[in-house]
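Structure data follow from input_26.txt (compact mmCIF, C-alpha atoms):
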```txt
# COMPACT_ATOMS: atom_id res chain seq x y z
CA MET Q 1 19.24 -46.26 -61.37
CA THR Q 2 21.63 -47.74 -63.96
CA LYS Q 3 25.12 -49.01 -63.18
CA ASP Q 4 26.77 -45.77 -64.33
CA GLY Q 5 24.60 -43.84 -61.90
CA ALA Q 6 22.28 -42.31 -64.50
CA LEU Q 7 18.54 -42.22 -63.89
CA PRO Q 8 16.39 -44.52 -66.07
CA LYS Q 9 14.80 -43.09 -69.19
CA GLY Q 10 11.85 -40.90 -68.33
CA PHE Q 11 13.12 -40.20 -64.81
CA GLU Q 12 15.76 -37.64 -65.73
CA ARG Q 13 15.43 -34.50 -63.67
CA PRO Q 14 14.89 -31.34 -65.67
CA THR Q 15 17.35 -29.38 -63.55
CA VAL Q 16 20.84 -28.54 -64.70
CA SER Q 17 23.46 -27.93 -62.06
CA ALA Q 18 26.00 -25.83 -63.97
CA SER Q 19 26.27 -22.07 -63.76
CA PRO Q 20 23.40 -20.22 -65.41
CA ASN Q 21 25.97 -17.96 -67.04
CA ASP Q 22 26.96 -20.81 -69.27
CA SER Q 23 24.83 -20.05 -72.33
CA SER Q 24 24.58 -23.66 -73.58
CA VAL Q 25 23.38 -24.82 -70.20
CA GLN Q 26 20.91 -21.94 -70.04
CA GLU Q 27 19.62 -22.87 -73.51
CA LYS Q 28 19.22 -26.49 -72.41
CA TYR Q 29 17.38 -25.28 -69.32
CA GLU Q 30 15.04 -23.13 -71.41
CA GLU Q 31 14.41 -26.12 -73.67
CA VAL Q 32 13.54 -28.40 -70.75
CA LYS Q 33 11.42 -25.64 -69.26
CA SER Q 34 9.40 -25.20 -72.43
CA SER Q 35 8.79 -28.96 -72.78
CA SER Q 36 7.61 -29.55 -69.14
CA LYS Q 37 4.54 -28.65 -67.20
CA THR Q 38 5.10 -25.45 -65.28
CA ILE Q 39 3.82 -23.78 -62.16
CA THR Q 40 4.11 -20.27 -60.86
CA LEU Q 41 6.23 -20.27 -57.73
CA ARG Q 42 5.65 -17.19 -55.56
CA ILE Q 43 8.47 -16.72 -53.10
CA SER Q 44 8.28 -14.38 -50.13
CA LYS Q 45 11.31 -12.06 -50.18
CA PHE Q 46 12.23 -9.98 -47.18
CA ASN Q 47 15.55 -8.92 -45.79
CA PRO Q 48 15.05 -7.34 -42.34
CA GLU Q 49 18.27 -5.37 -42.75
CA LYS Q 50 17.18 -3.43 -45.82
CA ASP Q 51 13.55 -4.10 -46.77
CA LEU Q 52 10.54 -2.35 -45.33
CA ARG Q 53 7.97 -4.92 -46.33
CA THR Q 54 7.63 -8.44 -47.70
CA ALA Q 55 7.39 -8.77 -51.47
CA PHE Q 56 6.32 -11.86 -53.39
CA HIS Q 57 8.44 -12.63 -56.46
CA ALA Q 58 6.85 -14.95 -59.02
CA PHE Q 59 8.83 -17.43 -61.08
CA THR Q 60 7.77 -19.94 -63.71
CA VAL Q 61 9.24 -23.31 -62.85
CA PRO Q 62 9.08 -26.61 -64.78
CA TYR Q 63 8.11 -29.65 -62.76
CA GLN Q 64 7.58 -33.39 -63.01
CA ARG Q 65 5.33 -35.45 -60.81
CA TRP Q 66 8.18 -36.13 -58.39
CA THR Q 67 9.42 -32.54 -58.18
CA THR Q 68 9.28 -31.24 -54.62
CA VAL Q 69 8.77 -27.64 -53.58
CA LEU Q 70 12.39 -27.58 -52.42
CA ASP Q 71 13.50 -28.76 -55.88
CA ALA Q 72 11.49 -25.90 -57.40
CA ILE Q 73 12.98 -23.33 -55.03
CA LEU Q 74 16.50 -24.57 -55.76
CA GLU Q 75 15.67 -24.48 -59.48
CA VAL Q 76 14.79 -20.81 -59.14
CA LYS Q 77 17.86 -20.20 -57.00
CA SER Q 78 20.09 -21.84 -59.63
CA HIS Q 79 18.66 -20.24 -62.74
CA GLN Q 80 16.55 -17.22 -61.95
CA ASP Q 81 17.36 -15.57 -58.63
CA HIS Q 82 20.51 -16.54 -56.73
CA SER Q 83 19.67 -14.27 -53.82
CA ILE Q 84 16.83 -16.39 -52.38
CA GLY Q 85 17.53 -17.22 -48.74
CA VAL Q 86 16.48 -20.80 -47.93
CA ARG Q 87 17.73 -23.35 -45.43
CA TYR Q 88 17.87 -27.03 -46.38
CA SER Q 89 20.11 -30.02 -45.93
CA CYS Q 90 19.08 -33.68 -46.19
CA ARG Q 91 16.25 -33.39 -48.77
CA GLN Q 92 14.58 -36.46 -47.22
CA ALA Q 93 12.52 -35.15 -44.30
CA THR Q 94 15.11 -36.12 -41.73
CA CYS Q 95 17.02 -32.97 -40.81
CA GLY Q 96 14.00 -30.66 -40.33
CA SER Q 97 15.69 -27.67 -41.96
CA CYS Q 98 13.33 -26.74 -44.78
CA GLY Q 99 10.08 -26.03 -42.93
CA MET Q 100 8.06 -23.22 -44.51
CA ILE Q 101 4.50 -22.16 -45.22
CA ILE Q 102 3.49 -23.71 -48.53
CA ASN Q 103 0.14 -22.56 -49.89
CA GLY Q 104 -0.86 -21.40 -46.43
CA LYS Q 105 0.09 -24.55 -44.50
CA PRO Q 106 3.33 -25.28 -42.62
CA ARG Q 107 5.12 -28.13 -44.42
CA LEU Q 108 8.58 -29.44 -45.18
CA ALA Q 109 9.57 -28.23 -48.67
CA CYS Q 110 11.55 -31.42 -49.36
CA PHE Q 111 8.58 -33.59 -48.39
CA THR Q 112 5.91 -31.76 -50.39
CA LYS Q 113 5.52 -32.63 -54.05
CA ILE Q 114 4.22 -29.88 -56.30
CA SER Q 115 1.87 -32.37 -57.96
CA GLU Q 116 0.14 -33.12 -54.65
CA LEU Q 117 -0.65 -29.44 -54.04
CA ASP Q 118 -3.08 -29.51 -56.95
CA SER Q 119 -2.52 -25.85 -57.79
CA ASP Q 120 -0.92 -23.91 -60.62
CA VAL Q 121 0.39 -21.37 -58.17
CA VAL Q 122 2.57 -22.38 -55.25
CA THR Q 123 3.24 -19.71 -52.64
CA VAL Q 124 6.08 -20.19 -50.18
CA GLU Q 125 6.57 -18.05 -47.08
CA PRO Q 126 8.74 -18.31 -43.96
CA MET Q 127 7.30 -20.14 -40.95
CA ASN Q 128 5.13 -18.15 -38.56
CA ASN Q 129 6.11 -17.63 -34.90
CA PHE Q 130 9.85 -17.63 -35.65
CA PRO Q 131 12.14 -14.61 -36.08
CA LEU Q 132 12.90 -14.06 -39.76
CA ILE Q 133 16.51 -14.19 -40.91
CA ARG Q 134 15.88 -13.63 -44.62
CA ASP Q 135 13.31 -14.71 -47.21
CA LEU Q 136 12.42 -18.31 -46.24
CA ALA Q 137 15.05 -18.82 -43.51
CA VAL Q 138 13.98 -18.35 -39.88
CA GLY Q 139 15.87 -18.47 -36.58
CA PHE Q 140 15.52 -21.63 -34.47
CA GLU Q 141 17.37 -20.33 -31.39
CA ARG Q 142 14.32 -20.05 -29.13
CA MET Q 143 12.92 -23.43 -30.11
CA PHE Q 144 16.26 -25.11 -29.49
CA SER Q 145 16.74 -23.37 -26.13
CA THR Q 146 13.22 -24.42 -25.06
CA HIS Q 147 13.98 -27.95 -26.23
CA LYS Q 148 17.13 -27.94 -24.08
CA ARG Q 149 15.21 -26.53 -21.11
CA ILE Q 150 12.96 -29.57 -20.83
CA LYS Q 151 16.07 -31.80 -20.51
CA PRO Q 152 15.64 -34.00 -23.59
CA TYR Q 153 17.59 -36.99 -22.33
CA VAL Q 154 17.06 -39.91 -19.97
CA ILE Q 155 17.79 -38.77 -16.41
CA ARG Q 156 18.82 -41.41 -13.88
CA GLU Q 157 21.48 -42.04 -11.28
CA ASP Q 158 23.07 -45.06 -12.88
CA SER Q 159 24.18 -45.38 -16.47
CA GLU Q 160 24.15 -48.26 -18.89
CA THR Q 161 27.63 -47.18 -19.99
CA ASN Q 162 29.14 -47.93 -16.56
CA PRO Q 163 31.20 -51.14 -16.43
CA GLY Q 164 29.21 -54.08 -15.08
CA THR Q 165 25.81 -52.61 -15.92
CA LYS Q 166 23.48 -53.97 -18.55
CA GLU Q 167 21.31 -52.06 -20.97
CA PHE Q 168 17.97 -50.84 -19.59
CA LEU Q 169 15.52 -53.28 -21.10
CA GLN Q 170 12.02 -52.17 -22.09
CA SER Q 171 9.03 -54.19 -23.18
CA PRO Q 172 7.37 -53.35 -26.53
CA GLU Q 173 4.46 -51.91 -24.49
CA ASP Q 174 6.83 -49.56 -22.66
CA VAL Q 175 8.32 -48.37 -25.94
CA GLU Q 176 4.87 -47.92 -27.47
CA LYS Q 177 4.05 -45.28 -24.85
CA TYR Q 178 6.55 -42.75 -26.20
CA ILE Q 179 8.04 -44.00 -29.48
CA GLN Q 180 6.02 -41.77 -31.81
CA PHE Q 181 7.26 -38.71 -29.90
CA ALA Q 182 10.85 -39.84 -30.47
CA SER Q 183 10.30 -39.27 -34.20
CA CYS Q 184 10.40 -35.49 -33.75
CA ILE Q 185 12.96 -33.92 -36.12
CA LYS Q 186 12.75 -30.42 -34.57
CA CYS Q 187 11.56 -28.86 -37.82
CA GLY Q 188 9.37 -26.36 -35.94
CA LEU Q 189 6.25 -26.85 -38.08
CA CYS Q 190 4.14 -27.55 -34.98
CA ASN Q 191 5.31 -24.32 -33.32
CA SER Q 192 4.61 -22.46 -36.56
CA ALA Q 193 1.03 -23.78 -36.67
CA CYS Q 194 0.32 -23.17 -32.95
CA PRO Q 195 -2.16 -20.30 -32.38
CA THR Q 196 -0.97 -19.78 -28.80
CA MET Q 197 2.62 -19.22 -29.96
CA THR Q 198 1.38 -16.38 -32.16
CA THR Q 199 0.33 -14.28 -29.19
CA ASP Q 200 2.40 -15.73 -26.33
CA SER Q 201 6.07 -15.29 -27.14
CA THR Q 202 7.13 -17.16 -23.98
CA PHE Q 203 4.90 -20.22 -24.41
CA ILE Q 204 6.96 -23.44 -24.36
CA GLY Q 205 5.22 -24.62 -27.52
CA PRO Q 206 4.06 -28.01 -28.80
CA GLN Q 207 7.56 -29.14 -29.79
CA GLY Q 208 8.99 -28.71 -26.28
CA LEU Q 209 5.90 -30.09 -24.56
CA ALA Q 210 5.77 -33.17 -26.81
CA GLN Q 211 9.43 -33.83 -26.03
CA ALA Q 212 8.73 -33.40 -22.31
CA TYR Q 213 6.07 -36.11 -22.65
CA ARG Q 214 8.47 -38.31 -24.62
CA TYR Q 215 10.84 -38.48 -21.62
CA VAL Q 216 8.19 -38.43 -18.89
CA ALA Q 217 6.53 -41.49 -20.47
CA ASP Q 218 9.84 -43.33 -20.82
CA ASN Q 219 10.06 -45.84 -17.96
CA ARG Q 220 13.89 -45.67 -17.97
CA ASP Q 221 13.71 -41.99 -17.02
CA GLN Q 222 13.72 -40.75 -13.42
CA GLY Q 223 13.43 -37.02 -14.11
CA LYS Q 224 9.64 -36.84 -14.30
CA ASP Q 225 9.14 -34.47 -11.36
CA GLU Q 226 11.91 -32.17 -12.59
CA ARG Q 227 10.38 -31.93 -16.07
CA LEU Q 228 6.83 -31.51 -14.80
CA ARG Q 229 8.04 -28.59 -12.66
CA ILE Q 230 9.58 -26.94 -15.73
CA ILE Q 231 6.40 -27.11 -17.80
CA ASP Q 232 4.07 -26.25 -14.88
CA GLU Q 233 4.47 -22.47 -15.13
CA PRO Q 234 2.27 -19.56 -16.30
CA HIS Q 235 3.50 -19.90 -19.90
CA GLY Q 236 3.80 -23.66 -19.81
CA ILE Q 237 1.51 -26.57 -20.57
CA TRP Q 238 -1.70 -24.90 -19.37
CA ARG Q 239 -1.64 -22.31 -22.16
CA CYS Q 240 -2.34 -24.97 -24.80
CA HIS Q 241 -5.90 -24.50 -26.13
CA PHE Q 242 -5.94 -27.90 -27.79
CA ALA Q 243 -6.46 -26.45 -31.28
CA GLY Q 244 -4.65 -29.54 -32.57
CA SER Q 245 -3.01 -27.75 -35.50
CA CYS Q 246 0.42 -28.95 -34.30
CA SER Q 247 -0.61 -32.57 -34.86
CA GLN Q 248 -2.17 -31.74 -38.23
CA VAL Q 249 1.07 -30.38 -39.69
CA CYS Q 250 3.67 -32.77 -38.25
CA PRO Q 251 5.45 -34.46 -41.19
CA LYS Q 252 6.61 -37.36 -38.99
CA GLY Q 253 3.22 -38.36 -37.61
CA VAL Q 254 3.91 -37.11 -34.09
CA ASP Q 255 0.79 -36.03 -32.20
CA PRO Q 256 1.95 -33.22 -29.88
CA ALA Q 257 -1.63 -32.28 -28.96
CA MET Q 258 -2.18 -35.78 -27.54
CA GLY Q 259 1.17 -35.67 -25.75
CA ILE Q 260 0.18 -32.39 -24.09
CA GLN Q 261 -3.15 -33.82 -22.89
CA LEU Q 262 -1.42 -36.93 -21.53
CA LEU Q 263 1.14 -34.72 -19.79
CA ARG Q 264 -1.69 -32.74 -18.17
CA GLY Q 265 -2.88 -36.04 -16.72
CA TYR Q 266 0.35 -36.29 -14.72
CA LEU Q 267 -0.07 -32.74 -13.40
CA LEU Q 268 -3.75 -33.21 -12.53
CA GLY Q 269 -2.90 -36.43 -10.73
CA TYR Q 270 -4.86 -38.99 -12.74
CA ARG Q 271 -1.74 -40.41 -14.40
CA LYS Q 272 1.20 -41.72 -12.42
CA MET N 1 2.60 -15.52 -8.18
CA SER N 2 4.07 -18.73 -9.64
CA ASN N 3 6.50 -18.73 -6.68
CA ILE N 4 3.58 -18.89 -4.26
CA ILE N 5 1.30 -21.34 -6.04
CA ARG N 6 1.98 -23.65 -8.95
CA GLU N 7 0.07 -23.12 -12.17
CA SER N 8 -1.32 -26.68 -12.01
CA HIS N 9 -2.92 -25.89 -8.63
CA ILE N 10 -4.47 -22.71 -10.06
CA MET N 11 -5.79 -24.71 -13.02
CA LYS N 12 -7.22 -27.40 -10.73
CA ILE N 13 -9.13 -24.63 -8.93
CA HIS N 14 -10.14 -23.21 -12.35
CA TYR N 15 -11.59 -26.53 -13.60
CA LEU N 16 -13.19 -27.38 -10.26
CA THR N 17 -14.91 -23.99 -9.87
CA ALA N 18 -16.32 -24.36 -13.41
CA LEU N 19 -17.77 -27.80 -12.66
CA VAL N 20 -19.20 -26.89 -9.27
CA ALA N 21 -20.59 -23.58 -10.59
CA VAL N 22 -22.49 -25.48 -13.30
CA GLY N 23 -24.02 -27.63 -10.54
CA PHE N 24 -25.10 -24.57 -8.54
CA VAL N 25 -26.48 -22.83 -11.63
CA ILE N 26 -28.58 -25.95 -12.34
CA ILE N 27 -29.90 -25.85 -8.74
CA HIS N 28 -30.63 -22.14 -9.15
CA ILE N 29 -32.56 -22.69 -12.41
CA MET N 30 -34.45 -25.65 -10.91
CA ILE N 31 -35.52 -23.50 -7.94
CA ARG N 32 -36.68 -20.78 -10.33
CA PHE N 33 -38.83 -23.28 -12.22
CA THR N 34 -40.25 -25.03 -9.16
CA HIS N 35 -40.83 -22.16 -6.72
CA GLY N 36 -43.38 -19.50 -7.56
CA SER N 37 -44.08 -17.96 -10.93
CA PHE N 38 -41.14 -17.79 -13.33
CA ALA N 39 -42.60 -14.67 -14.96
CA ASN N 40 -42.56 -12.73 -11.66
CA SER N 41 -39.18 -13.96 -10.48
CA LEU N 42 -37.41 -10.65 -11.22
CA GLU N 43 -39.93 -8.52 -9.32
CA PHE N 44 -38.32 -6.68 -6.41
CA GLU N 45 -40.28 -8.50 -3.71
CA SER N 46 -39.47 -11.92 -5.23
CA VAL N 47 -35.78 -11.13 -5.40
CA ILE N 48 -35.65 -9.91 -1.79
CA ALA N 49 -37.62 -12.98 -0.70
CA ASN N 50 -34.97 -15.20 -2.30
CA TYR N 51 -32.23 -13.59 -0.25
CA LYS N 52 -34.24 -14.06 2.94
CA SER N 53 -34.21 -17.82 2.44
CA ILE N 54 -30.86 -18.78 4.03
CA PRO N 55 -30.23 -21.96 1.94
CA TYR N 56 -30.94 -20.01 -1.24
CA ALA N 57 -28.69 -17.14 -0.09
CA ILE N 58 -25.93 -19.72 0.44
CA VAL N 59 -26.47 -21.00 -3.13
CA LEU N 60 -26.18 -17.42 -4.45
CA GLU N 61 -23.07 -16.73 -2.37
CA ALA N 62 -21.46 -19.97 -3.61
CA MET N 63 -22.26 -19.03 -7.22
CA LEU N 64 -20.79 -15.58 -6.67
CA ILE N 65 -17.52 -16.99 -5.30
CA LEU N 66 -17.20 -19.81 -7.84
CA ILE N 67 -17.94 -17.67 -10.89
CA SER N 68 -15.71 -14.83 -9.67
CA VAL N 69 -12.74 -17.12 -9.05
CA HIS N 70 -13.22 -18.89 -12.39
CA GLY N 71 -13.93 -15.72 -14.36
CA PHE N 72 -11.07 -13.62 -13.03
CA ASN N 73 -8.59 -16.46 -13.47
CA GLY N 74 -9.85 -16.81 -17.04
CA LEU N 75 -9.33 -13.09 -17.55
CA ARG N 76 -5.80 -13.40 -16.11
CA ILE N 77 -5.02 -16.22 -18.55
CA ILE N 78 -6.30 -14.24 -21.54
CA LEU N 79 -4.32 -11.14 -20.53
CA LEU N 80 -1.14 -13.17 -19.94
CA GLU N 81 -1.41 -14.56 -23.45
CA LEU N 82 -1.84 -11.13 -25.01
CA LYS N 83 1.36 -9.61 -23.67
CA GLN N 84 4.39 -10.79 -21.72
CA GLY N 85 6.85 -9.21 -19.31
CA ASN N 86 7.43 -9.46 -15.57
CA ALA N 87 5.92 -6.11 -14.56
CA TYR N 88 2.89 -6.59 -16.80
CA GLU N 89 2.32 -10.17 -15.63
CA ASN N 90 2.52 -9.21 -11.96
CA ALA N 91 0.15 -6.30 -12.54
CA VAL N 92 -2.34 -8.59 -14.33
CA THR N 93 -2.13 -11.35 -11.70
CA TYR N 94 -2.47 -9.10 -8.65
CA GLY N 95 -4.96 -6.82 -10.43
CA CYS N 96 -7.24 -9.77 -11.21
CA LEU N 97 -6.87 -11.06 -7.66
CA ALA N 98 -7.79 -7.64 -6.22
CA ALA N 99 -10.74 -7.26 -8.60
CA MET N 100 -11.96 -10.75 -7.68
CA ILE N 101 -11.78 -10.01 -3.94
CA ALA N 102 -13.51 -6.65 -4.44
CA LEU N 103 -16.35 -8.23 -6.45
CA ILE N 104 -16.85 -11.05 -3.96
CA ALA N 105 -16.83 -8.57 -1.06
CA TYR N 106 -19.34 -6.26 -2.74
CA GLY N 107 -21.60 -9.17 -3.81
CA SER N 108 -21.43 -10.77 -0.36
CA ARG N 109 -22.34 -7.44 1.24
CA THR N 110 -25.44 -7.27 -0.99
CA ILE N 111 -26.43 -10.87 -0.17
CA ILE N 112 -25.91 -10.37 3.58
CA MET N 113 -27.77 -7.03 3.69
CA ALA N 114 -30.70 -8.39 1.67
CA SER N 115 -30.95 -11.60 3.70
CA MET N 116 -30.88 -9.62 6.97
CA GLY N 117 -33.73 -7.43 5.80
CA MET N 118 -31.60 -4.28 5.51
CA VAL N 119 -32.87 -3.60 1.98
CA GLU N 120 -36.47 -2.41 1.73
CA ALA N 121 -38.63 -1.30 -1.17
```
Rendering of file as structure tokens:
Amino acid sequence: MTKDGALPKGFERPTVSASPNDSSVQEKYEEVKSSSKTITLRISKFNPEKDLRTAFHAFTVPYQRWTTVLDAILEVKSHQDHSIGVRYSCRQATCGSCGMIINGKPRLACFTKISELDSDVVTVEPMNNFPLIRDLAVGFERMFSTHKRIKPYVIREDSETNPGTKEFLQSPEDVEKYIQFASCIKCGLCNSACPTMTTDSTFIGPQGLAQAYRYVADNRDQGKDERLRIIDEPHGIWRCHFAGSCSQVCPKGVDPAMGIQLLRGYLLGYRK
Amino acid sequence: MSNIIRESHIMKIHYLTALVAVGFVIIHIMIRFTHGSFANSLEFESVIANYKSIPYAIVLEAMLILISVHGFNGLRIILLELKQGNAYENAVTYGCLAAMIALIAYGSRTIIMASMGMVEA
């Protein structure tokens, strides 16, 4: 980036942020659009309050090799259809807001480049196994309440914030046991990919179970028995069929399927 | 049901019955290959003769119990995944339990009657 904040030559983004009603801006947009490579972006549109069925609306969108699916959706939202319902925030795979099904696979829209999809048609749909709010936005209430249920915090009598206490030291080996599970951004892609969640609406899900493992494996935590009791129920850990699709789709490299198997070890008594 | 027994205990029984049943089925197949003609093994007299051998009747009874427990718990799991709700889940759990007991009772009755010579051609 140059000192005045402009992108270097050749890296300018084709998007224009002004109102599409401004005719000069619209002309500029059309010019950029005609000079770039384009894809057809098919967006699932459904408003539960007034629509009877899902409809796919197709838009032609210009893209560069760094254009993400979220960029393309926002391009359409800015210039072609303002009514598209989409949730996003950080645009850097940190907030976990923009999970959706992209060309049949659950992915983060901000973390998926159009060029890597290797397709002239990109289809975006809302995540499976979540209640639909509108178009691409789904409700996270159940996932968050399940996450809360497994007590996602270190449980112990004393606290490192009390005066006179020191921080709870851990060796690198201790940290290694759970650190990958601490990378979870609660995007819900694992729950969306889980085949059990499709049929069992009360299943805890890979997100909650992986977080349960994250705290059970943390040697600072003393709430292991409490958490194991929560997940040891008819719709808990035992309903995982080890399909492994949760681990396949995680954008942060978390392996919930492994976490679930390790957690089963505690319940079967061969892990302490 | 989850108030009476924890799901992990049920699953331990589920895994254990599967493993032990495989062992008994291997014994059963080995006996079929080593004792008498395999081709005639399903003839009425051969079947009744099997029941009259007490160790073999015990193997059959063990297989009946192990496979029933494992199978009906598997059915319960499948049905619980298909639909949820307290009334439905209780009906499935107790229904499977009742069906399992009924099958074991009926199968045991057959084994006992045949081994005691109460079934004749």
- Message: Set the cut-off to 10 Å and count all atoms listed in the file: what are the residues of chain Q that reach chain N? Output as a VMD selection string.
- Response: chain Q and resid 196 to 203 228 to 229 231 to 239 264 267 to 269
- Two-atom distance - CA of Asn73 in chain N, CA of Ala91 in chain N (Å):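 The value is 13.4 Å.
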- Query: What separation in Å, quoted to one decimal, exists between CA of Gly244 in chain Q and CA of Gly265 in chain Q?
  - Reply: 17.2 Å
- Just the residues within 12 Å of range 30-44 of chain N, please, counting only C-alpha atoms, with nothing from its chain fewer than 6 positions along; format it as a VMD selection string. chain N and resid 23 to 24 50 to 51 53 55 to 56 59 to 60 114 119 to 121
- Task: Report the distance between CA of Lys151 in chain Q and CA of Cys184 in chain Q in Å, rounded to one decimal place.
- Result: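 Interatomic distance, CA of Lys151 in chain Q to CA of Cys184 in chain Q: 14.9 Å.
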Produce the centre coordinates and the three edge lengths, each in Å to one decimal, of the box along x, y and z that contains all listed atoms of range 189-207 of chain Q with 4 Å added on each side, as AutoDock Vina command-line options.
```
--center_x 2.7 --center_y -21.7 --center_z -31.0 --size_x 17.7 --size_y 22.9 --size_z 22.1
```
Find the spatial neighbours of Arg142 in chain Q, counting only C-alpha atoms, within a cut-off of 12 Å - ignore same-chain residues fewer than 5 positions away - and output them as a PDB file with C-alpha atoms, in the frame of the given file.
```pdb
ATOM      1  CA  ASN Q 129       6.110 -17.630 -34.900  1.00  0.00           C
ATOM      2  CA  PHE Q 130       9.850 -17.630 -35.650  1.00  0.00           C
ATOM      3  CA  PRO Q 131      12.140 -14.610 -36.080  1.00  0.00           C
ATOM      4  CA  HIS Q 147      13.980 -27.950 -26.230  1.00  0.00           C
ATOM      5  CA  LYS Q 148      17.130 -27.940 -24.080  1.00  0.00           C
ATOM      6  CA  ARG Q 149      15.210 -26.530 -21.110  1.00  0.00           C
ATOM      7  CA  LYS Q 186      12.750 -30.420 -34.570  1.00  0.00           C
ATOM      8  CA  GLY Q 188       9.370 -26.360 -35.940  1.00  0.00           C
ATOM      9  CA  ASN Q 191       5.310 -24.320 -33.320  1.00  0.00           C
ATOM     10  CA  MET Q 197       2.620 -19.220 -29.960  1.00  0.00           C
ATOM     11  CA  SER Q 201       6.070 -15.290 -27.140  1.00  0.00           C
ATOM     12  CA  THR Q 202       7.130 -17.160 -23.980  1.00  0.00           C
ATOM     13  CA  PHE Q 203       4.900 -20.220 -24.410  1.00  0.00           C
ATOM     14  CA  ILE Q 204       6.960 -23.440 -24.360  1.00  0.00           C
ATOM     15  CA  GLY Q 205       5.220 -24.620 -27.520  1.00  0.00           C
ATOM     16  CA  GLN Q 207       7.560 -29.140 -29.790  1.00  0.00           C
ATOM     17  CA  GLY Q 208       8.990 -28.710 -26.280  1.00  0.00           C
TER      18      GLY Q 208
END
```
- Item | For Ser159 in chain Q, the nearest of the candidates Q:Gly99, Q:Asp221, Q:Ala193, Q:Ala109, counting only C-alpha atoms | Q:Asp221
- Task: Pick out the closest residue to Asp255 in chain Q from this set: Q:Pro206, Q:Phe144, Q:Val86, Q:Asn128. Count all atoms listed in the file.
- Result: Q:Pro206
- Task: May I have the protein, DNA and RNA residues with an atom at most 12 Å from (-10.9, -13.6, -17.0), counting all atoms listed in the file in the file's coordinates, returned as JSON, numbers by chain?
- Result: {"N": [14, 67, 68, 69, 70, 71, 72, 73, 74, 75, 76, 77, 78, 79, 80, 81, 92, 93, 95, 96, 97, 99, 100]}
Saved selection, atoms kept: C-alpha atoms, as a PDB file, in the coordinates of the input:
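Final file, result.pdb:
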```
ATOM      1  CA  HIS N  14     -10.140 -23.210 -12.350  1.00  0.00           C
ATOM      2  CA  ILE N  67     -17.940 -17.670 -10.890  1.00  0.00           C
ATOM      3  CA  SER N  68     -15.710 -14.830  -9.670  1.00  0.00           C
ATOM      4  CA  VAL N  69     -12.740 -17.120  -9.050  1.00  0.00           C
ATOM      5  CA  HIS N  70     -13.220 -18.890 -12.390  1.00  0.00           C
ATOM      6  CA  GLY N  71     -13.930 -15.720 -14.360  1.00  0.00           C
ATOM      7  CA  PHE N  72     -11.070 -13.620 -13.030  1.00  0.00           C
ATOM      8  CA  ASN N  73      -8.590 -16.460 -13.470  1.00  0.00           C
ATOM      9  CA  GLY N  74      -9.850 -16.810 -17.040  1.00  0.00           C
ATOM     10  CA  LEU N  75      -9.330 -13.090 -17.550  1.00  0.00           C
ATOM     11  CA  ARG N  76      -5.800 -13.400 -16.110  1.00  0.00           C
ATOM     12  CA  ILE N  77      -5.020 -16.220 -18.550  1.00  0.00           C
ATOM     13  CA  ILE N  78      -6.300 -14.240 -21.540  1.00  0.00           C
ATOM     14  CA  LEU N  79      -4.320 -11.140 -20.530  1.00  0.00           C
ATOM     15  CA  LEU N  80      -1.140 -13.170 -19.940  1.00  0.00           C
ATOM     16  CA  GLU N  81      -1.410 -14.560 -23.450  1.00  0.00           C
ATOM     17  CA  VAL N  92      -2.340  -8.590 -14.330  1.00  0.00           C
ATOM     18  CA  THR N  93      -2.130 -11.350 -11.700  1.00  0.00           C
ATOM     19  CA  GLY N  95      -4.960  -6.820 -10.430  1.00  0.00           C
ATOM     20  CA  CYS N  96      -7.240  -9.770 -11.210  1.00  0.00           C
ATOM     21  CA  LEU N  97      -6.870 -11.060  -7.660  1.00  0.00           C
ATOM     22  CA  ALA N  99     -10.740  -7.260  -8.600  1.00  0.00           C
ATOM     23  CA  MET N 100     -11.960 -10.750  -7.680  1.00  0.00           C
TER      24      MET N 100
END
```
- Message: Quick one: residues within 10 Å of Val22 in chain N, all atoms listed in the file, excluding same-chain residues fewer than 6 positions away - as a PyMOL selection string?
- Response: chain N and resi 16+28+63+66-67
